[in-house]
Amino acid sequence: MKQFNFNSLKRQLEGKDLSFGDLVIEIGRCFLHVPYKTGTLEAGGKEKLIVNFTQFDCFTFLETVLSLAKCAALKEIELSEFRRMLQFIRYRHGIIAGYSSRLHYFTDWLRENESKKIIKNISRRLGGKPRRKKINYMTTNHTSYSALKNENEFQKMQLAEKNLSCKTFCVIIKNKVKQQKEKIKTGDIVAFVTEQKGLDIAHVGFALWKGKKLHLLHASSKEGGVVISKKTLVTYLKQNKKFSSIIVARPL
């Protein structure tokens, strides 16, 4: 499998004085048109760190770009440092301890990575209101996840879902986003909240200002790869009936 060229990224960023948000987007653009693929982390067998630069879903694109940006900010653009950062971001406490130690649900990922000082959830600042939801999509649909055939992992996942279901998360409802969008910066993480039963978030991407219009840099299943949305963020949200609100987090 083709690997990412870390030396090329070093050369690309050399001498550039970028804000962290601009750095995130600069790195994200390196992956434009990389194909979309789901399930690249569902390899079966013992849980291990999977690095894949050639195919993304929205979540693996987010984690990959954020990890590379953190490495670039630390002036440590190397595969070994990237792997360390990716594991730190992807797993609870940064430790691989079975399938259930991976942060599968975005609200769980968000809370965990805020505690790690990787991101800051700014949804409340943007007029977000707390909500609670029963989260149990994975265990309800356990036949779709081969790792959950293991009873121990299934029970651990049930416990993680139960803990998530007890917690609130702040959301900015769909019809309030337009008046709050000026507070969103390039490079911010935008997560789209779904009303689908048992699930918190259906999609994630990075905010990107193009002139006076706010767009989304994301791995799109509909468009088959990493793209900058042709629609503005507000229009994209408005026209997608399965999204009810958004969460916004700022990479640190």
# chains A, B, ... in the order shown; residues from 1 in each chain; ligands from 1
call {"tool": "residues_around", "arguments": {"residues": "A:Gly44", "least_positions_apart": "5", "cutoff": "10 Å", "atoms": "only C-alpha atoms", "output": "JSON, numbers by chain"}}
result
{"A": [99, 145, 146, 147]}
call {"tool": "residues_around", "arguments": {"residues": "stretch 168-171 of chain A", "least_positions_apart": "2", "cutoff": "7 Å", "atoms": "only C-alpha atoms", "output": "short mmCIF file (atom, residue, chain, number, x, y, z; two decimals) with C-alpha atoms, in the first residue's frame"}}
result
data_model
loop_
_atom_site.label_atom_id
_atom_site.label_comp_id
_atom_site.auth_asym_id
_atom_site.auth_seq_id
_atom_site.Cartn_x
_atom_site.Cartn_y
_atom_site.Cartn_z
CA SER A 123 -20.67 24.65 20.56
CA ARG A 124 -21.96 26.30 23.73
CA GLY A 128 -25.51 25.42 21.54
CA LYS A 129 -28.03 23.80 23.84
CA PRO A 130 -27.50 20.58 25.82
CA ARG A 131 -29.29 17.42 24.78
CA ARG A 132 -29.19 13.78 25.79
CA CYS A 166 -26.14 9.42 30.59
CA ILE A 173 -29.83 23.48 15.93
CA SER A 245 -28.00 20.17 14.25
CA ILE A 246 -24.22 20.51 14.44
CA ILE A 247 -21.40 20.38 16.96
#
call {"tool": "select_by_dssp", "arguments": {"residues": "stretch 17-66 of chain A", "states": "alpha helix (DSSP H)", "output": "PyMOL selection string"}}
result
chain A and resi 20-29+58-66
call {"tool": "residues_around", "arguments": {"residues": "stretch 13-25 of chain A", "least_positions_apart": "6", "cutoff": "6 Å", "atoms": "only C-alpha atoms", "output": "PyMOL selection string"}}
result
chain A and resi 69+186-187
call {"tool": "atom_distance", "arguments": {"atom1": "atom CA of A:Gln196", "atom2": "atom CA of A:Phe243"}}
result
9.0 Å
call {"tool": "residues_around", "arguments": {"residues": "A:Lys37", "least_positions_apart": "2", "cutoff": "10 Å", "atoms": "only C-alpha atoms", "output": "list in words"}}
result
Val34, Pro35, Gly39, Thr40, Thr54, Gln55, Phe56, Asp57, Cys58, Thr60, Ala219, Ser220, Ser221, Gly224 and Gly225 of chain A
call {"tool": "residues_around", "arguments": {"residues": "A:Glu195", "least_positions_apart": "3", "cutoff": "8 Å", "atoms": "only C-alpha atoms", "output": "list in words"}}
result
Leu199, Asp200, Lys242, Phe243 and Ser244 of chain A
call {"tool": "atom_distance", "arguments": {"atom1": "atom CA of A:Glu161", "atom2": "atom CA of A:Phe82"}}
result
28.7 Å
call {"tool": "atom_distance", "arguments": {"atom1": "atom CA of A:Phe206", "atom2": "atom CA of A:Leu32"}}
result
12.8 Å
call {"tool": "closest_residue", "arguments": {"among": "A:Leu216, A:Met157, A:Val227, A:Leu237", "to": "A:Thr140", "atoms": "only C-alpha atoms"}}
result
A:Met157
call {"tool": "residues_around", "arguments": {"residues": "A:His218", "least_positions_apart": "3", "cutoff": "8 Å", "atoms": "only C-alpha atoms", "output": "ChimeraX atom specification"}}
result
/A:58,61-62,204-206,226-229
call {"tool": "closest_residue", "arguments": {"among": "A:Gly211, A:Gly127, A:Gly45, A:Pro251", "to": "A:Gln180", "atoms": "only C-alpha atoms"}}
result
A:Gly127
call {"tool": "residues_around", "arguments": {"residues": "A:Tyr137", "least_positions_apart": "2", "cutoff": "12 Å", "atoms": "only C-alpha atoms", "output": "PyMOL selection string"}}
result
chain A and resi 104-105+133-135+139-145+157-158+160-162+164-165+194-202
call {"tool": "select_by_dssp", "arguments": {"residues": "stretch 99-199 of chain A", "states": "strand (DSSP E or B)", "output": "list in words"}}
result
Arg102, Ile119, Lys120, Asn121, Lys129, Pro130, Arg131, Phe169, Cys170, Val171, Ile172, Ile173, Ile189, Val190, Ala191, Phe192, Val193 and Thr194 of chain A
call {"tool": "write_last_selection", "arguments": {"atoms": "C-alpha atoms", "output": "short mmCIF file (atom, residue, chain, number, x, y, z; two decimals), in the first residue's frame"}}
result
data_model
loop_
_atom_site.label_atom_id
_atom_site.label_comp_id
_atom_site.auth_asym_id
_atom_site.auth_seq_id
_atom_site.Cartn_x
_atom_site.Cartn_y
_atom_site.Cartn_z
CA ARG A 102 -11.40 2.69 20.15
CA ILE A 119 -9.60 20.08 20.63
CA LYS A 120 -11.98 22.51 22.34
CA ASN A 121 -15.73 22.06 21.97
CA LYS A 129 -28.03 23.80 23.84
CA PRO A 130 -27.50 20.58 25.82
CA ARG A 131 -29.29 17.42 24.78
CA PHE A 169 -23.76 17.09 24.50
CA CYS A 170 -24.23 20.64 23.21
CA VAL A 171 -25.76 21.12 19.75
CA ILE A 172 -26.45 24.12 17.53
CA ILE A 173 -29.83 23.48 15.93
CA ILE A 189 -14.32 20.51 13.11
CA VAL A 190 -18.01 20.39 12.21
CA ALA A 191 -19.99 17.30 13.25
CA PHE A 192 -23.51 16.69 11.96
CA VAL A 193 -25.97 15.40 14.55
CA THR A 194 -28.43 12.76 13.36
#
call {"tool": "closest_residue", "arguments": {"among": "A:Arg29, A:Lys156, A:His203, A:Arg90", "to": "A:Val65", "atoms": "only C-alpha atoms"}}
result
A:Arg29
